[in-house]
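**Q** As input, take final-v6.txt (compact mmCIF, C-alpha atoms):
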```
# COMPACT_ATOMS: atom_id res chain seq x y z
CA MET A 1 -101.22 -184.75 -113.46
CA SER A 2 -103.24 -183.21 -110.65
CA PHE A 3 -105.08 -179.90 -110.95
CA THR A 4 -102.63 -178.33 -108.49
CA THR A 5 -99.75 -179.18 -110.84
CA LEU A 6 -101.72 -177.83 -113.80
CA TYR A 7 -102.38 -174.54 -111.99
CA ARG A 8 -98.75 -174.21 -110.96
CA PHE A 9 -97.56 -174.91 -114.48
CA SER A 10 -100.09 -172.47 -115.94
CA GLY A 11 -99.20 -169.82 -113.37
CA LEU A 12 -95.53 -170.14 -114.17
CA ALA A 13 -96.16 -170.05 -117.92
CA LEU A 14 -98.34 -166.94 -117.67
CA LEU A 15 -95.95 -165.18 -115.30
CA ILE A 16 -92.87 -165.86 -117.40
CA GLY A 17 -94.64 -165.35 -120.75
CA GLY A 18 -96.32 -162.15 -119.59
CA GLY A 19 -93.10 -160.82 -118.05
CA LEU A 20 -91.06 -161.51 -121.17
CA ALA A 21 -93.74 -159.98 -123.39
CA ILE A 22 -93.83 -156.83 -121.24
CA ALA A 23 -90.03 -156.58 -121.32
CA GLY A 24 -90.10 -156.85 -125.12
CA GLN A 25 -92.81 -154.24 -125.38
CA LEU A 26 -90.90 -151.90 -123.07
CA LEU A 27 -87.90 -152.20 -125.34
CA LEU A 28 -90.08 -151.44 -128.37
CA ILE A 29 -91.58 -148.44 -126.58
CA THR A 30 -88.15 -147.14 -125.64
CA ALA A 31 -86.94 -147.66 -129.19
CA ASP A 32 -89.80 -145.43 -130.38
CA PRO A 33 -89.98 -142.49 -127.98
CA GLY A 34 -92.83 -141.03 -130.04
CA THR A 35 -95.19 -143.63 -128.54
CA SER A 36 -98.18 -141.94 -127.00
CA LEU A 37 -100.98 -143.20 -124.78
CA MET B 1 -98.41 -167.67 -122.56
CA ILE B 2 -100.46 -170.09 -124.69
CA LEU B 3 -99.42 -172.92 -122.38
CA GLY B 4 -100.77 -171.08 -119.34
CA LEU B 5 -104.23 -170.21 -120.67
CA PRO B 6 -105.87 -173.66 -120.28
CA GLY B 7 -104.99 -173.81 -116.57
CA LEU B 8 -106.33 -170.29 -116.08
CA TYR B 9 -109.64 -171.32 -117.64
CA PHE B 10 -109.87 -174.66 -115.81
CA LYS B 11 -109.37 -172.89 -112.48
CA GLN B 12 -112.73 -171.16 -112.97
CA ILE B 13 -114.47 -173.50 -115.43
CA ASP B 14 -117.45 -174.14 -113.13
CA ARG B 15 -118.24 -170.46 -112.68
CA ALA B 16 -117.06 -168.83 -115.92
CA GLY B 17 -120.01 -170.03 -118.04
CA LEU B 18 -120.45 -169.74 -121.80
CA LEU B 19 -118.86 -166.28 -121.89
CA GLY B 20 -115.71 -167.62 -120.23
CA MET B 21 -115.52 -170.54 -122.65
CA ILE B 22 -115.88 -168.27 -125.70
CA GLY B 23 -113.36 -165.80 -124.23
CA PHE B 24 -110.89 -168.61 -123.59
CA ILE B 25 -111.23 -170.16 -127.06
CA VAL B 26 -111.00 -166.80 -128.86
CA SER B 27 -107.94 -165.75 -126.78
CA PHE B 28 -106.29 -169.12 -127.30
CA VAL B 29 -106.75 -169.02 -131.08
CA GLY B 30 -105.59 -165.37 -131.10
CA PHE B 31 -102.36 -166.28 -129.30
CA LEU B 32 -101.79 -169.21 -131.69
CA PHE B 33 -102.14 -166.84 -134.66
CA LEU B 34 -99.82 -164.37 -132.93
CA ALA B 35 -97.17 -167.08 -132.55
CA GLY B 36 -97.33 -167.62 -136.33
CA ILE B 37 -97.01 -163.91 -137.11
CA GLN B 38 -94.14 -163.45 -134.69
CA THR B 39 -92.34 -166.44 -136.20
CA PHE B 40 -92.62 -164.74 -139.59
CA ASP B 41 -91.37 -161.44 -138.14
CA ALA B 42 -88.47 -163.09 -136.32
CA PHE B 43 -87.16 -165.51 -138.92
CA VAL B 44 -88.63 -164.89 -142.39
CA SER B 45 -88.72 -161.08 -142.52
CA PRO B 46 -85.00 -160.52 -141.73
CA THR B 47 -84.01 -163.01 -144.46
CA LEU B 48 -86.26 -161.30 -146.99
CA ALA B 49 -85.03 -157.85 -145.91
CA ALA B 50 -81.38 -158.90 -146.32
CA SER B 51 -81.69 -159.21 -150.09
CA ALA B 52 -82.39 -156.17 -152.28
CA ALA B 53 -84.57 -158.29 -154.58
CA THR B 54 -86.92 -159.43 -151.79
CA LYS B 55 -86.70 -156.42 -149.49
CA SER B 56 -90.16 -155.18 -150.50
CA LEU B 57 -91.67 -158.49 -149.32
CA ALA B 58 -90.23 -158.25 -145.80
CA GLY B 59 -93.26 -156.75 -144.02
CA THR B 60 -96.50 -158.60 -143.39
CA GLY B 61 -98.24 -155.77 -145.27
CA ALA B 62 -96.70 -157.02 -148.52
CA PHE B 63 -99.06 -160.00 -148.71
CA LEU B 64 -102.77 -159.32 -148.57
CA PRO B 65 -103.68 -162.72 -147.01
CA LEU B 66 -101.01 -162.24 -144.36
CA LEU B 67 -102.26 -158.74 -143.63
CA ALA B 68 -105.81 -160.08 -143.26
CA PHE B 69 -104.45 -162.82 -140.98
CA GLU B 70 -102.71 -160.19 -138.84
CA LEU B 71 -105.86 -158.08 -138.59
CA LEU B 72 -107.91 -161.14 -137.61
CA CYS B 73 -105.31 -162.00 -134.97
CA GLY B 74 -105.50 -158.46 -133.55
CA LEU B 75 -109.30 -158.66 -133.45
CA LEU B 76 -109.24 -162.01 -131.64
CA LEU B 77 -106.70 -160.71 -129.12
CA ILE B 78 -108.95 -157.78 -128.30
CA ILE B 79 -112.32 -159.57 -128.15
CA GLY B 80 -111.05 -162.75 -126.46
CA PRO B 81 -109.40 -161.10 -123.44
CA LEU B 82 -112.36 -158.71 -123.10
CA LEU B 83 -114.87 -161.58 -122.88
CA PHE B 84 -112.55 -163.61 -120.67
CA GLY B 85 -112.02 -160.61 -118.38
CA ILE B 86 -115.76 -160.04 -118.01
CA ALA B 87 -116.34 -163.75 -117.32
CA THR B 88 -113.54 -163.76 -114.72
CA LEU B 89 -115.00 -160.69 -113.08
CA ARG B 90 -118.40 -162.36 -112.85
CA ALA B 91 -117.04 -165.73 -111.74
CA GLY B 92 -115.22 -164.25 -108.74
CA VAL B 93 -112.85 -167.22 -108.43
CA LEU B 94 -109.69 -165.18 -109.03
CA GLN B 95 -109.06 -161.65 -107.76
CA ARG B 96 -111.21 -159.14 -109.59
CA TRP B 97 -108.48 -156.51 -109.98
CA ALA B 98 -106.61 -158.73 -112.45
CA ALA B 99 -109.79 -159.12 -114.52
CA ILE B 100 -110.22 -155.34 -114.45
CA ILE B 101 -106.67 -154.86 -115.80
CA LEU B 102 -107.49 -157.32 -118.58
CA ILE B 103 -110.67 -155.45 -119.48
CA VAL B 104 -108.85 -152.09 -119.36
CA GLY B 105 -106.13 -153.46 -121.66
CA SER B 106 -108.72 -154.78 -124.11
CA VAL B 107 -110.66 -151.52 -124.17
CA ALA B 108 -107.41 -149.52 -124.54
CA SER B 109 -106.41 -151.77 -127.46
CA MET B 110 -109.83 -151.29 -129.02
CA ILE B 111 -109.54 -147.49 -128.73
CA THR B 112 -106.02 -147.39 -130.18
CA VAL B 113 -107.09 -149.58 -133.10
CA ALA B 114 -110.19 -147.42 -133.69
CA LEU B 115 -108.00 -144.30 -133.67
CA HIS B 116 -105.49 -145.96 -136.04
CA ASN B 117 -102.87 -145.31 -133.38
CA TRP B 118 -101.90 -148.81 -132.27
CA ASN B 119 -99.04 -148.85 -129.79
CA GLU B 120 -97.37 -151.31 -127.49
CA ILE B 121 -98.68 -149.76 -124.27
CA SER B 122 -102.17 -151.24 -124.48
CA GLY B 123 -100.58 -154.57 -125.42
CA ALA B 124 -98.32 -154.28 -122.37
CA ILE B 125 -101.41 -153.76 -120.15
CA LEU B 126 -102.93 -156.97 -121.55
CA ASN B 127 -99.71 -158.87 -120.88
CA LEU B 128 -99.52 -157.38 -117.39
CA ALA B 129 -103.00 -158.80 -116.72
CA PHE B 130 -101.95 -162.28 -117.85
CA ALA B 131 -98.75 -162.06 -115.77
CA CYS B 132 -100.92 -161.08 -112.77
CA PHE B 133 -103.16 -164.10 -113.38
CA GLY B 134 -100.02 -166.25 -113.36
CA PHE B 135 -98.98 -164.69 -110.09
CA LEU B 136 -102.45 -165.40 -108.62
CA LEU B 137 -102.42 -169.03 -109.78
CA LEU B 138 -99.09 -169.52 -108.04
CA SER B 139 -99.94 -167.71 -104.85
CA LYS B 140 -102.19 -168.20 -101.90
CA GLN B 141 -105.38 -166.18 -101.97
CA GLU B 142 -105.22 -164.18 -98.70
CA THR B 143 -101.73 -162.78 -98.98
CA ALA B 144 -102.17 -162.33 -102.72
CA GLU B 145 -104.92 -159.84 -101.97
CA VAL B 146 -102.58 -157.84 -99.71
CA VAL B 147 -99.60 -157.87 -102.04
CA SER B 148 -101.54 -157.44 -105.27
CA SER B 149 -102.49 -153.76 -105.12
CA PRO B 150 -99.07 -152.35 -104.15
CA SER B 151 -97.30 -154.67 -106.56
CA VAL B 152 -99.44 -153.61 -109.53
CA LEU B 153 -99.06 -149.95 -108.52
CA ALA B 154 -95.29 -150.31 -108.15
CA PHE B 155 -95.00 -152.06 -111.49
CA LEU B 156 -97.10 -149.48 -113.34
CA ILE B 157 -95.15 -146.56 -111.87
CA PHE B 158 -91.94 -148.36 -112.79
CA ILE B 159 -93.05 -148.71 -116.43
CA VAL B 160 -93.82 -144.98 -116.57
CA GLY B 161 -90.45 -144.26 -114.93
CA VAL B 162 -88.55 -146.36 -117.48
CA TRP B 163 -90.21 -144.44 -120.26
CA LEU B 164 -89.29 -141.07 -118.73
CA ASP B 165 -85.80 -142.33 -117.91
CA PHE B 166 -85.21 -143.18 -121.55
CA ALA B 167 -86.44 -139.74 -122.60
CA GLN B 168 -84.08 -138.09 -120.10
CA PHE B 169 -81.03 -140.09 -121.16
CA ARG B 170 -81.51 -139.28 -124.83
CA THR B 171 -81.62 -135.57 -124.07
CA VAL B 172 -78.37 -133.64 -123.83
CA CYS B 173 -78.22 -131.53 -120.70
CA THR B 174 -77.42 -127.89 -121.36
CA VAL B 175 -77.66 -126.58 -117.80
CA THR B 176 -75.26 -127.00 -114.91
CA ALA B 177 -77.49 -129.24 -112.77
CA CYS B 178 -77.85 -132.40 -114.86
CA ALA B 179 -79.46 -135.67 -113.84
CA ASP B 180 -77.25 -138.62 -112.87
CA GLY B 181 -75.73 -140.15 -115.98
CA GLN B 182 -77.30 -137.59 -118.29
CA LEU B 183 -74.94 -136.41 -121.00
CA ASN B 184 -73.70 -132.85 -121.14
CA LEU B 185 -72.42 -131.24 -124.34
CA GLU B 186 -68.84 -132.43 -123.82
CA SER B 187 -69.69 -136.06 -123.06
CA ALA B 188 -72.23 -136.10 -125.93
CA ARG B 189 -69.44 -135.11 -128.31
CA THR B 190 -67.24 -137.88 -126.92
CA LEU B 191 -70.11 -140.30 -127.40
CA GLN B 192 -70.24 -139.22 -131.01
CA LEU B 193 -66.51 -139.96 -131.36
CA LEU B 194 -67.25 -143.47 -130.14
CA HIS B 195 -69.89 -143.79 -132.89
CA LEU B 196 -72.60 -144.29 -130.31
CA SER B 197 -75.93 -142.57 -130.75
CA LEU B 198 -77.91 -140.94 -127.97
CA ASP B 199 -80.58 -143.58 -128.47
CA ALA B 200 -78.02 -146.35 -127.98
CA TYR B 201 -76.74 -144.69 -124.80
CA ALA B 202 -80.29 -144.32 -123.47
CA ALA B 203 -81.15 -147.90 -124.46
CA ILE B 204 -78.08 -149.25 -122.61
CA ASN B 205 -79.15 -147.39 -119.48
CA VAL B 206 -82.72 -148.62 -119.75
CA ILE B 207 -81.60 -152.22 -120.31
CA LEU B 208 -79.39 -152.02 -117.19
CA LEU B 209 -82.34 -150.65 -115.27
CA LEU B 210 -84.55 -153.50 -116.50
CA ILE B 211 -81.92 -156.08 -115.53
CA GLN B 212 -81.65 -154.54 -112.07
CA ALA B 213 -85.44 -154.49 -111.71
CA SER B 214 -85.81 -158.08 -112.93
CA VAL B 215 -83.44 -159.18 -110.15
CA TYR B 216 -85.64 -157.40 -107.61
CA TYR B 217 -88.84 -158.87 -109.09
CA GLY B 218 -87.27 -162.33 -109.31
CA VAL B 219 -86.27 -162.27 -105.64
CA ALA B 220 -89.74 -161.00 -104.71
CA ALA B 221 -91.40 -163.82 -106.67
CA LEU B 222 -89.12 -166.40 -105.06
CA ILE B 223 -89.80 -165.16 -101.54
CA PHE B 224 -93.52 -164.91 -102.22
CA ARG B 225 -93.51 -168.48 -103.46
CA GLN B 226 -91.80 -169.74 -100.31
CA LYS B 227 -93.10 -167.42 -97.57
CA SER B 228 -96.39 -165.96 -98.76
CA ASP B 229 -98.17 -167.46 -95.74
CA GLN B 230 -96.20 -165.23 -93.36
CA TRP B 231 -96.51 -161.49 -92.91
CA ILE B 232 -92.78 -160.98 -92.89
CA GLY B 233 -92.71 -162.60 -96.33
CA VAL B 234 -95.33 -160.13 -97.52
CA CYS B 235 -93.24 -157.21 -96.15
CA VAL B 236 -90.12 -158.42 -97.93
CA VAL B 237 -92.02 -158.92 -101.18
CA VAL B 238 -93.53 -155.42 -101.15
CA CYS B 239 -90.12 -153.96 -100.25
CA PHE B 240 -88.48 -155.67 -103.23
CA LEU B 241 -91.31 -154.71 -105.58
CA ALA B 242 -91.04 -151.05 -104.61
CA GLY B 243 -87.22 -151.08 -104.77
CA PRO B 244 -86.74 -150.39 -108.50
CA THR B 245 -88.72 -147.13 -108.27
CA ASN B 246 -86.06 -145.63 -105.99
CA SER B 247 -83.67 -145.00 -108.86
CA LEU B 248 -86.29 -143.14 -110.90
CA ASP B 249 -86.64 -139.96 -108.85
CA GLN B 250 -84.94 -137.68 -111.35
CA PRO B 251 -86.80 -138.64 -114.53
CA MET B 252 -90.07 -138.85 -112.59
CA ALA B 253 -89.73 -135.21 -111.54
CA ALA B 254 -91.42 -134.46 -114.88
CA LEU B 255 -94.63 -136.14 -113.68
CA PRO B 256 -97.72 -134.14 -112.72
CA PRO B 257 -98.40 -133.81 -108.94
CA ALA B 258 -100.77 -136.82 -108.91
CA GLY B 259 -98.09 -139.02 -110.51
CA LEU B 260 -95.47 -137.77 -108.05
CA ALA B 261 -97.83 -138.57 -105.17
CA VAL B 262 -98.22 -142.15 -106.42
CA LEU B 263 -94.43 -142.47 -106.79
CA THR B 264 -93.88 -141.13 -103.26
CA PHE B 265 -96.48 -143.52 -101.91
CA VAL B 266 -94.86 -146.53 -103.60
CA GLN B 267 -91.41 -145.46 -102.37
CA TYR B 268 -92.77 -145.00 -98.86
CA LEU B 269 -94.27 -148.50 -99.00
CA GLY B 270 -90.78 -149.76 -99.81
CA VAL B 271 -89.21 -147.91 -96.87
CA ALA B 272 -92.00 -148.86 -94.45
CA THR B 273 -91.88 -152.55 -95.32
CA PHE B 274 -88.08 -152.45 -95.05
CA ILE B 275 -88.33 -151.01 -91.53
CA LEU B 276 -90.94 -153.59 -90.56
CA THR B 277 -88.83 -156.40 -92.02
CA CYS B 278 -85.85 -155.27 -89.95
CA TYR B 279 -87.93 -155.38 -86.75
CA LEU B 280 -89.80 -158.61 -87.58
CA PHE B 281 -86.95 -160.71 -88.96
CA PRO B 282 -86.64 -163.70 -88.67
CA ASN B 283 -89.76 -165.04 -86.90
CA GLY B 284 -92.30 -162.34 -87.84
CA ARG B 285 -92.86 -161.09 -84.28
CA PHE B 286 -91.80 -157.92 -82.46
CA ILE B 287 -89.07 -159.14 -80.09
CA PRO B 288 -88.24 -157.70 -77.58
CA ARG B 289 -91.69 -156.27 -77.00
CA TRP B 290 -90.48 -152.68 -76.66
CA THR B 291 -89.70 -152.66 -80.39
CA LEU B 292 -93.48 -152.57 -80.84
CA LEU B 293 -93.30 -148.96 -79.59
CA ILE B 294 -90.22 -148.01 -81.62
CA ALA B 295 -91.37 -149.40 -85.00
CA PRO B 296 -94.51 -147.21 -85.36
CA GLY B 297 -92.37 -144.17 -84.47
CA ALA B 298 -89.91 -145.09 -87.22
CA LEU B 299 -92.77 -145.47 -89.69
CA VAL B 300 -94.15 -142.03 -88.79
CA ILE B 301 -90.73 -140.37 -89.15
CA ALA B 302 -90.21 -142.08 -92.50
CA ALA B 303 -93.63 -140.84 -93.59
CA PHE B 304 -92.69 -137.25 -92.68
CA GLN B 305 -89.46 -137.56 -94.64
CA ALA B 306 -91.24 -139.07 -97.65
CA PHE B 307 -94.33 -136.88 -97.90
CA LEU B 308 -92.92 -133.62 -96.53
CA PRO B 309 -89.42 -133.54 -98.04
CA ASN B 310 -89.15 -129.77 -97.86
CA ILE B 311 -89.14 -129.66 -94.07
CA GLU B 312 -85.64 -128.83 -92.84
CA TRP B 313 -84.90 -130.82 -89.72
CA PRO B 314 -82.28 -129.49 -87.30
CA SER B 315 -79.12 -131.56 -87.81
CA GLY B 316 -79.00 -132.65 -84.13
CA PRO B 317 -82.42 -134.39 -83.89
CA ALA B 318 -82.08 -135.71 -87.44
CA GLY B 319 -78.76 -137.40 -86.62
CA LEU B 320 -80.09 -138.63 -83.28
CA ASN B 321 -83.03 -140.22 -85.09
CA TRP B 322 -80.68 -142.34 -87.20
CA VAL B 323 -78.46 -143.26 -84.23
CA ILE B 324 -81.46 -144.34 -82.13
CA GLY B 325 -82.99 -146.23 -85.04
CA PHE B 326 -79.90 -148.27 -85.87
CA THR B 327 -78.92 -148.83 -82.21
CA THR B 328 -82.34 -150.17 -81.19
CA LEU B 329 -82.43 -152.34 -84.27
CA ALA B 330 -78.98 -153.78 -83.59
CA LEU B 331 -79.79 -154.36 -79.90
CA ALA B 332 -83.07 -156.05 -80.78
CA GLN B 333 -81.38 -158.37 -83.30
CA ILE B 334 -78.58 -159.24 -80.86
CA TYR B 335 -81.18 -160.02 -78.17
CA ARG B 336 -83.13 -162.19 -80.61
CA TYR B 337 -80.02 -164.04 -81.73
CA ARG B 338 -78.84 -164.79 -78.20
CA LYS B 339 -82.11 -165.43 -76.34
CA VAL B 340 -84.93 -166.27 -78.73
CA SER B 341 -83.83 -167.64 -82.11
CA ASN B 342 -83.51 -171.37 -82.74
CA ILE B 343 -80.65 -172.87 -84.76
CA GLU B 344 -82.45 -172.41 -88.08
CA GLN B 345 -83.30 -168.76 -87.37
CA ARG B 346 -79.74 -168.07 -86.28
CA GLN B 347 -78.54 -169.48 -89.55
CA GLN B 348 -80.99 -167.24 -91.41
CA THR B 349 -79.68 -164.23 -89.49
CA LYS B 350 -76.12 -165.17 -90.43
CA TRP B 351 -77.05 -165.41 -94.11
CA VAL B 352 -78.78 -162.04 -94.07
CA MET B 353 -75.82 -160.42 -92.29
CA LEU B 354 -73.50 -161.97 -94.87
CA GLY B 355 -75.72 -160.61 -97.65
CA ILE B 356 -75.83 -157.11 -96.14
CA THR B 357 -72.05 -157.07 -95.64
CA ALA B 358 -71.44 -158.27 -99.19
CA ALA B 359 -73.86 -155.68 -100.58
CA ALA B 360 -72.15 -152.94 -98.56
CA MET B 361 -68.74 -154.00 -99.86
CA ILE B 362 -69.99 -154.18 -103.43
CA GLU B 363 -71.60 -150.77 -103.06
CA ARG B 364 -68.34 -149.43 -101.69
CA ARG B 365 -66.46 -150.69 -104.72
CA ARG B 366 -69.17 -149.32 -106.99
CA TYR B 367 -69.78 -152.50 -108.92
CA VAL B 368 -73.43 -152.96 -108.15
CA THR B 369 -75.01 -149.70 -109.24
CA LEU B 370 -74.27 -150.08 -112.92
CA LYS B 371 -76.48 -147.28 -114.00
CA ARG B 372 -75.74 -144.72 -111.34
CA SER B 373 -72.06 -145.27 -110.79
CA VAL B 374 -70.46 -147.19 -113.62
CA MET B 375 -72.21 -145.43 -116.47
CA ALA B 376 -71.90 -142.05 -114.81
CA LYS B 377 -68.24 -142.72 -114.05
CA LEU B 378 -67.58 -143.74 -117.63
CA PHE B 379 -68.96 -140.61 -119.11
CA SER B 380 -67.67 -138.22 -116.51
CA ALA B 381 -64.22 -139.75 -116.92
CA LEU B 382 -64.20 -139.85 -120.68
CA PRO B 383 -61.61 -137.09 -121.10
CA SER B 384 -59.26 -139.31 -119.13
CA PRO B 385 -59.72 -142.86 -120.47
CA ASN B 386 -57.21 -144.51 -118.18
CA ALA B 387 -58.93 -143.21 -115.08
CA CYS B 388 -62.18 -144.54 -116.44
CA CYS B 389 -60.87 -147.97 -117.31
CA SER B 390 -59.26 -148.62 -113.96
CA THR B 391 -62.71 -148.97 -112.45
CA PHE B 392 -64.72 -150.07 -115.40
CA HIS B 393 -64.70 -153.80 -116.02
CA LEU B 394 -67.84 -154.57 -117.91
CA TYR B 395 -67.51 -153.04 -121.33
CA GLY B 396 -64.33 -154.58 -122.69
CA PRO B 397 -64.56 -153.39 -126.32
CA LEU B 398 -65.48 -149.90 -125.19
CA GLN B 399 -62.52 -149.83 -122.82
CA ARG B 400 -60.14 -150.78 -125.57
CA HIS B 401 -61.61 -148.10 -127.78
CA LEU B 402 -61.27 -145.52 -125.04
CA LYS B 403 -57.67 -146.45 -124.38
CA HIS B 404 -56.76 -145.97 -128.02
CA SER B 405 -58.90 -142.96 -128.78
CA PRO B 406 -57.33 -139.53 -128.62
CA ASN B 407 -58.40 -137.21 -125.83
```
Taking this structure as input, can you express it in the form of C-alpha cells?
**A**
Amino acid sequence: MSFTTLYRFSGLALLIGGGLAIAGQLLLITADPGTSL
Amino acid sequence: MILGLPGLYFKQIDRAGLLGMIGFIVSFVGFLFLAGIQTFDAFVSPTLAASAATKSLAGTGAFLPLLAFELLCGLLLIIGPLLFGIATLRAGVLQRWAAIILIVGSVASMITVALHNWNEISGAILNLAFACFGFLLLSKQETAEVVSSPSVLAFLIFIVGVWLDFAQFRTVCTVTACADGQLNLESARTLQLLHLSLDAYAAINVILLLIQASVYYGVAALIFRQKSDQWIGVCVVVCFLAGPTNSLDQPMAALPPAGLAVLTFVQYLGVATFILTCYLFPNGRFIPRWTLLIAPGALVIAAFQAFLPNIEWPSGPAGLNWVIGFTTLALAQIYRYRKVSNIEQRQQTKWVMLGITAAAMIERRRYVTLKRSVMAKLFSALPSPNACCSTFHLYGPLQRHLKHSPN
C-alpha cells in the first residue's frame, strides 16, 4: 500500500467518522435544548 | 475515526516531533477507550435498563472502575488532541486553521470539564477538526486553502442555525406572523391529538434539515474530489456548502448583529459563487468575453441585495435587472454550446440543464422542500386531513391516522 493510498483512506475515515460523530452530537444537542456553550 | 488517525500522523511524521508522537498515541488510545465505552452504552446499557432488577446498573456511573475508565478516556481525549494540535501547528505540513480548531475544541472541552458543565458542543468542535483534517488529506493543498475558510464558516453557522431552528420549532407561536412550519395554538392541539410531542415535531424538522444538508455537503465533497484543481469546481463547492444556510433565515433572526452579519456573508458567498458558476460553466472561462463585464455587475447587485436588504428598489429597474441577468446568461450559454464547447462539454451542459429542469419540476410539485412545504402543508392542512394527504406521500402511518382521526 502506497502512502498516497494510506492518506486517502485516512482522509476518508476521518471525514466520514467526524461527520457522523458531529451528526450524532447535533442530535444529542437538539434532544437537550438546555445545552449551553 | 481511529482508522484515520495513523495516516494523519504519518503525513507529518518528519516534522511533528516528540510532541506529535505523544499527541497521536494519547489520542489513539483515547479513541480506543471511547469505542469501548460507546459499545457499553449502545448494547449493554439498554439491556440492563430493560429489566427492573438491573435498571440501576445501566449507567457507567454504577460501576466505579467503569467510571474511572470513562474519566481517563475523557482526559486522554482532551490532552491528546491538544498536543497533536500544537504539534500540527508547529509542523506546518497541513493547514494551520484545522490545527487551531483542534486546539480550540480541546481547550473548550477542558473548560467545560473544569466547570462541571460538559456538553456535546466542545466535542463537536473536536470532531469538526478531525473531519477537516480528513478533508485536507483528501484534497489538493492550493484549492483547499481557498475553500477551507468559507466551508468552516458555513458549517459553523449551519450548526448554530440548526440549534436555533430546533428551539423555534418546539415553541408554539402565539402571534399572527409565525415562522414557516412553526406551530400555532390550533396545530399544536392537533399535534397533541396525534400523540406527538413538540420535541418530536422539532426533531423531525431538524432531521429533515440535516438530511437535506448532508446531500449538499455530499455533492460538494464529490465535486471537490473530482474538480478541486479548477476554479469552477471551487465555486460550485462553496455554493453547495453555503446552500443549507439559506433555509435558516427565520430562526437565525434571533442572532446578535455580528452573527447575522456572518450569516449574510455566508449566504452572499453562496449567491456569488452561484452567479460565477453560471457564467464560467463548463470550461471555467468567461465566454463570450463581454460576460466579464456583466458578471462583476451581477455580483455588486447581489451584494446590495444581501447586505442592504432594507433598500426599496423601484419595481421597474428591479425587474429589468432580473430580465437582463437571465437573458445574458442564456445567450452566453447558447453561444458557448454552439460555437465553443466540445462534445464532452456539450454533454455536461445537457446534464446540467436536465438537472435544473428536474429540480424545477420537483419544486413545482413541492416534493423536494420537505421542511418548508411538506411539513408546513401537513400542519396547515390538519383540519382537513384529505386535503393534506392528497399531497403528502412520505408519512404513511401519519396519513392513515389523519384520515381516521376526527376533525
**Q** At a cut-off of 10 Å, which residues of chain B touch chain A? Count all atoms listed in the file and give the answer as a ChimeraX atom specification.
**A** /B:1-11,108,112,117-139,159-160,162-167,170,199-200,202-203,206-207,210-211,214,221
**Q** Just to be explicit: take each residue in the selection above, keep C-alpha atoms, and write the result as a short mmCIF file (atom, residue, chain, number, x, y, z; two decimals), in the frame of the given file.
**A**
```
data_model
loop_
_atom_site.label_atom_id
_atom_site.label_comp_id
_atom_site.auth_asym_id
_atom_site.auth_seq_id
_atom_site.Cartn_x
_atom_site.Cartn_y
_atom_site.Cartn_z
CA MET B 1 -98.41 -167.67 -122.56
CA ILE B 2 -100.46 -170.09 -124.69
CA LEU B 3 -99.42 -172.92 -122.38
CA GLY B 4 -100.77 -171.08 -119.34
CA LEU B 5 -104.23 -170.21 -120.67
CA PRO B 6 -105.87 -173.66 -120.28
CA GLY B 7 -104.99 -173.81 -116.57
CA LEU B 8 -106.33 -170.29 -116.08
CA TYR B 9 -109.64 -171.32 -117.64
CA PHE B 10 -109.87 -174.66 -115.81
CA LYS B 11 -109.37 -172.89 -112.48
CA ALA B 108 -107.41 -149.52 -124.54
CA THR B 112 -106.02 -147.39 -130.18
CA ASN B 117 -102.87 -145.31 -133.38
CA TRP B 118 -101.90 -148.81 -132.27
CA ASN B 119 -99.04 -148.85 -129.79
CA GLU B 120 -97.37 -151.31 -127.49
CA ILE B 121 -98.68 -149.76 -124.27
CA SER B 122 -102.17 -151.24 -124.48
CA GLY B 123 -100.58 -154.57 -125.42
CA ALA B 124 -98.32 -154.28 -122.37
CA ILE B 125 -101.41 -153.76 -120.15
CA LEU B 126 -102.93 -156.97 -121.55
CA ASN B 127 -99.71 -158.87 -120.88
CA LEU B 128 -99.52 -157.38 -117.39
CA ALA B 129 -103.00 -158.80 -116.72
CA PHE B 130 -101.95 -162.28 -117.85
CA ALA B 131 -98.75 -162.06 -115.77
CA CYS B 132 -100.92 -161.08 -112.77
CA PHE B 133 -103.16 -164.10 -113.38
CA GLY B 134 -100.02 -166.25 -113.36
CA PHE B 135 -98.98 -164.69 -110.09
CA LEU B 136 -102.45 -165.40 -108.62
CA LEU B 137 -102.42 -169.03 -109.78
CA LEU B 138 -99.09 -169.52 -108.04
CA SER B 139 -99.94 -167.71 -104.85
CA ILE B 159 -93.05 -148.71 -116.43
CA VAL B 160 -93.82 -144.98 -116.57
CA VAL B 162 -88.55 -146.36 -117.48
CA TRP B 163 -90.21 -144.44 -120.26
CA LEU B 164 -89.29 -141.07 -118.73
CA ASP B 165 -85.80 -142.33 -117.91
CA PHE B 166 -85.21 -143.18 -121.55
CA ALA B 167 -86.44 -139.74 -122.60
CA ARG B 170 -81.51 -139.28 -124.83
CA ASP B 199 -80.58 -143.58 -128.47
CA ALA B 200 -78.02 -146.35 -127.98
CA ALA B 202 -80.29 -144.32 -123.47
CA ALA B 203 -81.15 -147.90 -124.46
CA VAL B 206 -82.72 -148.62 -119.75
CA ILE B 207 -81.60 -152.22 -120.31
CA LEU B 210 -84.55 -153.50 -116.50
CA ILE B 211 -81.92 -156.08 -115.53
CA SER B 214 -85.81 -158.08 -112.93
CA ALA B 221 -91.40 -163.82 -106.67
#
```
**Q** Report, in Å to a single decimal, how far apart CA of Gln38 in chain B and CA of Leu83 in chain B are.
**A**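 Pair CA of Leu83 in chain B / CA of Gln38 in chain B returns 23.9 Å.
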**Q** Could you state the separation of CA of Ile101 in chain B and CA of Leu76 in chain B in Å, given to one decimal place?
**A**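 We find that CA of Ile101 in chain B and CA of Leu76 in chain B lie 17.6 Å from each other.
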**Q** List as an MDAnalysis selection string the protein and nucleic acid residues near Val29 in chain B, meaning an atom at most 9 Å away when all atoms listed in the file are counted, but skip any in the same chain fewer than 3 places from it.
**A** chainID B and resid 24:26 32:34 73 76:77 80
**Q** Could you write out as AutoDock Vina command-line options the box around range 12-23 of chain A (axis-aligned, all atoms listed in the file, 8 Å on each side), with centre and edge lengths in Å to one decimal?
**A**
```
--center_x -94.2 --center_y -163.4 --center_z -118.8 --size_x 24.3 --size_y 29.6 --size_z 25.2
```
**Q** For the atom pair CA of Ala258 in chain B and CA of Thr273 in chain B, what is the interatomic distance in Å to one decimal place?
**A**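 That distance, rounded to one decimal, is 22.6 Å.
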**Q** Using only C-alpha atoms, collect all residues at a distance of at most 12 Å from (-87.6, -171.7, -85.1) as written in the file, then present them as a ChimeraX atom specification.
**A** /B:281-285,336-337,340-349
